[in-house]
$ cat start32.txt   # compact mmCIF, C-alpha atoms
# COMPACT_ATOMS: atom_id res chain seq x y z
CA MET D 232 -26.24 71.74 -42.40
CA ASP D 233 -27.85 70.17 -45.43
CA LYS D 234 -31.56 69.61 -45.95
CA ARG D 235 -31.40 65.97 -44.72
CA GLU D 236 -29.82 67.08 -41.43
CA PHE D 237 -32.49 69.79 -41.11
CA ILE D 238 -35.21 67.13 -41.47
CA ASP D 239 -33.47 64.96 -38.85
CA ARG D 240 -33.30 67.92 -36.46
CA LEU D 241 -37.00 68.63 -37.06
CA ILE D 242 -37.90 65.03 -36.18
CA LEU D 243 -35.70 65.17 -33.05
CA ALA D 244 -37.32 68.46 -32.01
CA GLY D 245 -40.84 67.11 -32.58
CA ASP D 246 -40.09 63.97 -30.57
CA SER D 247 -38.51 66.08 -27.79
CA ALA D 248 -41.61 68.31 -27.65
CA ARG D 249 -43.86 65.23 -27.43
CA LYS D 250 -41.79 63.73 -24.60
CA PHE D 251 -41.65 67.07 -22.79
CA ALA D 252 -45.43 67.49 -23.01
CA GLU D 253 -45.95 64.05 -21.47
CA THR D 254 -43.94 65.10 -18.40
CA LEU D 255 -46.30 68.00 -17.62
CA ASP D 256 -48.93 67.46 -14.94
CA TYR D 257 -51.74 68.91 -17.03
CA VAL D 258 -51.15 66.51 -19.95
CA LYS D 259 -52.88 63.32 -18.80
CA VAL D 260 -52.49 61.19 -21.94
CA LYS D 261 -49.80 59.08 -23.58
CA LEU D 262 -49.13 60.89 -26.84
CA PRO D 263 -48.66 58.72 -29.96
CA ASP D 264 -45.10 58.35 -31.29
CA LYS D 265 -46.08 59.15 -34.89
CA LEU D 266 -45.66 62.88 -35.56
CA VAL D 267 -47.31 65.25 -38.02
CA PHE D 268 -46.31 68.90 -38.32
CA THR D 269 -48.43 72.03 -38.69
CA LEU D 270 -46.80 75.31 -39.68
CA GLN D 271 -48.17 78.67 -38.66
CA GLU D 272 -50.06 80.45 -41.40
CA TYR D 273 -47.82 83.16 -42.73
CA ASN D 274 -48.54 85.56 -45.57
CA GLU D 275 -45.62 87.64 -46.81
CA PRO D 276 -47.07 91.15 -47.17
CA SER D 277 -44.64 92.47 -49.78
CA GLY D 278 -44.76 91.95 -53.51
CA THR D 279 -47.36 90.17 -55.60
CA GLN D 280 -50.30 88.65 -53.70
CA SER D 281 -52.46 85.69 -54.64
CA LYS D 282 -55.94 86.46 -55.89
CA ASP D 283 -57.31 83.01 -55.07
CA GLY D 284 -56.82 82.90 -51.29
CA LYS D 285 -53.35 81.37 -51.23
CA LEU D 286 -50.75 82.54 -48.74
CA LYS D 287 -47.44 83.93 -49.94
CA PHE D 288 -45.16 81.77 -47.82
CA LEU D 289 -41.41 81.84 -47.16
CA GLY D 290 -39.44 82.27 -50.36
CA GLY D 291 -42.44 83.72 -52.21
CA ARG D 292 -44.15 80.35 -52.71
CA PHE D 293 -47.94 80.36 -52.84
CA VAL D 294 -49.66 77.73 -50.67
CA ASN D 295 -53.20 77.04 -49.54
CA PRO D 296 -53.65 77.28 -45.76
CA SER D 297 -54.66 73.59 -45.78
CA GLU D 298 -51.20 72.74 -47.17
CA LEU D 299 -49.62 73.78 -43.86
CA LYS D 300 -51.48 71.29 -41.64
CA CYS D 301 -50.59 67.74 -40.54
CA LEU D 302 -47.53 67.39 -42.77
CA SER D 303 -44.77 64.83 -42.80
CA ALA D 304 -41.41 65.99 -41.45
CA SER D 305 -40.03 66.02 -44.98
CA LYS D 306 -42.84 68.22 -46.34
CA ALA D 307 -42.70 70.62 -43.35
CA ALA D 308 -38.92 70.95 -43.73
CA SER D 309 -39.33 71.60 -47.47
CA LEU D 310 -41.58 74.56 -46.71
CA LEU D 311 -39.17 75.98 -44.11
CA TRP D 312 -36.04 75.40 -46.22
CA VAL D 313 -35.55 78.16 -48.81
CA ASP D 314 -32.47 77.88 -51.04
CA GLY D 315 -30.21 76.75 -48.19
CA LYS D 316 -31.73 79.19 -45.71
CA VAL D 317 -33.97 78.49 -42.72
CA PRO D 318 -35.80 80.64 -40.16
CA THR D 319 -33.47 82.00 -37.47
CA TRP D 320 -35.52 80.19 -34.81
CA ILE D 321 -38.45 77.78 -34.80
CA ASN D 322 -40.58 77.15 -31.70
CA VAL D 323 -41.87 73.59 -31.43
CA ASN D 324 -44.81 72.48 -29.28
CA VAL D 325 -47.53 69.83 -29.14
CA LYS D 326 -50.71 71.27 -30.64
CA ASN D 327 -53.07 68.29 -30.61
CA TYR D 328 -53.26 64.53 -30.93
CA THR D 329 -55.40 61.78 -32.40
CA VAL D 330 -55.46 58.08 -31.68
CA ASN D 331 -52.56 57.59 -34.13
CA THR D 332 -50.61 60.86 -34.30
CA THR D 333 -49.26 63.74 -32.27
CA GLU D 334 -49.59 67.09 -34.05
CA ILE D 335 -46.53 69.31 -33.61
CA GLU D 336 -46.93 73.05 -34.19
CA LEU D 337 -44.06 75.04 -35.69
CA ILE D 338 -44.02 78.79 -35.06
CA PHE D 339 -41.09 80.58 -36.65
CA THR D 340 -39.46 83.90 -37.36
CA LYS D 341 -39.79 85.23 -40.89
CA SER D 342 -36.07 86.06 -40.98
CA LEU D 343 -34.15 83.54 -43.05
CA VAL D 344 -30.45 82.89 -42.47
CA PRO D 345 -28.01 80.43 -44.07
CA ALA D 346 -28.47 76.94 -42.60
CA GLU D 347 -25.05 76.93 -40.93
CA VAL D 348 -25.37 75.44 -37.45
CA GLU D 349 -22.57 77.56 -36.00
CA ASN D 350 -24.41 80.76 -37.05
CA LEU D 351 -27.91 79.77 -35.84
CA TYR D 352 -29.01 80.98 -32.44
CA PRO D 353 -29.36 78.29 -29.77
CA ASP D 354 -32.25 78.49 -27.31
CA TYR D 355 -31.68 79.90 -23.81
CA GLY D 356 -29.49 77.54 -21.80
CA MET D 357 -28.61 75.50 -24.89
CA GLU D 358 -25.00 74.99 -25.90
CA PRO D 359 -23.93 76.22 -29.36
CA ASN D 360 -24.06 73.47 -32.02
CA ASN D 361 -26.74 71.61 -30.04
CA PRO D 362 -28.51 69.04 -32.27
CA LEU D 363 -31.82 70.88 -31.75
CA VAL D 364 -30.65 74.23 -33.21
CA PRO D 365 -32.60 76.14 -34.71
CA PHE D 366 -35.56 74.46 -32.97
CA ARG D 367 -36.76 75.52 -29.51
CA ILE D 368 -38.91 73.16 -27.45
CA ARG D 369 -41.95 74.71 -25.77
CA GLY D 370 -44.78 73.28 -23.70
CA PRO D 371 -48.22 72.83 -25.24
CA TRP D 372 -50.72 75.67 -25.05
CA MET D 373 -53.61 74.96 -22.68
CA GLN D 374 -55.97 73.78 -25.40
CA GLU D 375 -59.33 72.05 -25.31
CA TRP D 376 -57.89 68.53 -25.57
CA ILE D 377 -55.79 69.17 -22.45
CA ARG D 378 -58.75 70.56 -20.53
CA LYS D 379 -60.88 67.52 -21.42
CA GLU D 380 -58.19 65.04 -20.40
CA LYS D 381 -57.52 66.98 -17.19
CA MET D 382 -61.03 66.32 -15.88
CA SER D 383 -60.66 62.98 -14.15
CA LYS D 384 -63.58 60.69 -13.44
CA ASN D 385 -63.11 61.18 -9.69
CA TRP D 386 -63.36 64.94 -10.08
CA PHE D 387 -66.51 64.52 -12.20
CA ARG D 388 -68.05 62.19 -9.59
CA ARG D 389 -67.33 64.71 -6.81
CA ILE D 390 -69.23 67.38 -8.75
CA ILE D 391 -72.19 65.05 -9.33
CA TYR D 392 -72.27 63.95 -5.67
CA SER D 393 -72.02 67.60 -4.51
CA ALA D 394 -74.90 68.62 -6.76
CA LEU D 395 -77.04 65.66 -5.61
CA ALA D 396 -76.24 66.41 -1.96
CA ALA D 397 -77.19 70.07 -2.44
CA LEU D 398 -80.53 68.92 -3.82
CA GLY D 399 -80.98 66.52 -0.92
CA LEU D 400 -80.76 63.50 -3.20
CA GLY D 401 -77.25 62.34 -2.30
CA ARG D 402 -75.77 60.62 0.73

$ encode --input "start32.txt" --output "structure tokens"
Amino acid sequence: MDKREFIDRLILAGDSARKFAETLDYVKVKLPDKLVFTLQEYNEPSGTQSKDGKLKFLGGRFVNPSELKCLSASKAASLLWVDGKVPTWINVNVKNYTVNTTEIELIFTKSLVPAEVENLYPDYGMEPNNPLVPFRIRGPWMQEWIRKEKMSKNWFRRIIYSALAALGLGR
């Protein structure tokens, strides 16, 4: 697999994670089609460390934590791609959304292997050479934006009416 194919697989995985999230009962919103990618903060503990707060990322590159958030697919892939090697596996899930974008979180192993599709591990139940390899689609974590969207107006009204009734002010 070359770097362009890796970027294409990243986009496919991000879009698959967005579509999967929309099928879940606890996600009550239509997520925007435009994707941005956030990589987990990783600091390689061995070797020289940055003195100015930068993280020593994959391949020994120094990056600011802010450089790992809301990236294009091309930029995210560039950070994960190290001299023709990629993480053995990369979990992909919806982290957040805005009016215009869906934020996809990438959590990955620190082990780098040659970017040869036939040697990368497929996810459980996935056929070898699947177009998503090395990406693994996961559901979104139960985050604040999900909790807020989960509270429907009807549910809110029931709470208000119950409270008013308990105070003798309701129906």

$ closest_residue --input "start32.txt" --among "D:Leu266, D:Val317, D:Thr329, D:Pro345" --to "Ala244 of chain D" --atoms "only C-alpha atoms"
D:Leu266

$ closest_residue --input "start32.txt" --among "D:Lys265, D:Glu347, D:Thr340, D:Lys300" --to "Pro359 of chain D" --atoms "all atoms listed in the file"
D:Glu347

$ atom_distance --input "start32.txt" --atom1 "atom CA of Ala308 of chain D" --atom2 "atom CA of Leu343 of chain D"
13.5 Å

$ atom_distance --input "start32.txt" --atom1 "atom CA of Val330 of chain D" --atom2 "atom CA of Lys261 of chain D"
9.9 Å

$ residues_around --input "start32.txt" --residues "Pro263 of chain D" --least-positions-apart "2" --cutoff "6 Å" --atoms "all atoms listed in the file" --output "PDB file with C-alpha atoms, keeping the file's coordinate frame"
ATOM      1  CA  LYS D 265     -46.080  59.150 -34.890  1.00  0.00           C
ATOM      2  CA  ASN D 331     -52.560  57.590 -34.130  1.00  0.00           C
ATOM      3  CA  THR D 332     -50.610  60.860 -34.300  1.00  0.00           C
ATOM      4  CA  THR D 333     -49.260  63.740 -32.270  1.00  0.00           C
TER       5      THR D 333
END

$ atom_distance --input "start32.txt" --atom1 "atom CA of Leu255 of chain D" --atom2 "atom CA of Lys306 of chain D"
28.9 Å

$ residues_around --input "start32.txt" --residues "segment 322-324 of chain D" --least-positions-apart "2" --cutoff "12 Å" --atoms "all atoms listed in the file" --output "number ranges by chain"
D: 240-253, 266-271, 318-320, 326-328, 333-340, 353-354, 363-374

$ closest_residue --input "start32.txt" --among "D:Asn295, D:Asn350, D:Ser305, D:Ser342" --to "Asp239 of chain D" --atoms "all atoms listed in the file"
D:Ser305

$ closest_residue --input "start32.txt" --among "D:Glu349, D:Glu358, D:Glu272, D:Asp314" --to "Gly290 of chain D" --atoms "all atoms listed in the file"
D:Asp314

$ closest_residue --input "start32.txt" --among "D:Trp312, D:Tyr257, D:Phe288, D:Tyr352" --to "Asn274 of chain D" --atoms "only C-alpha atoms"
D:Phe288
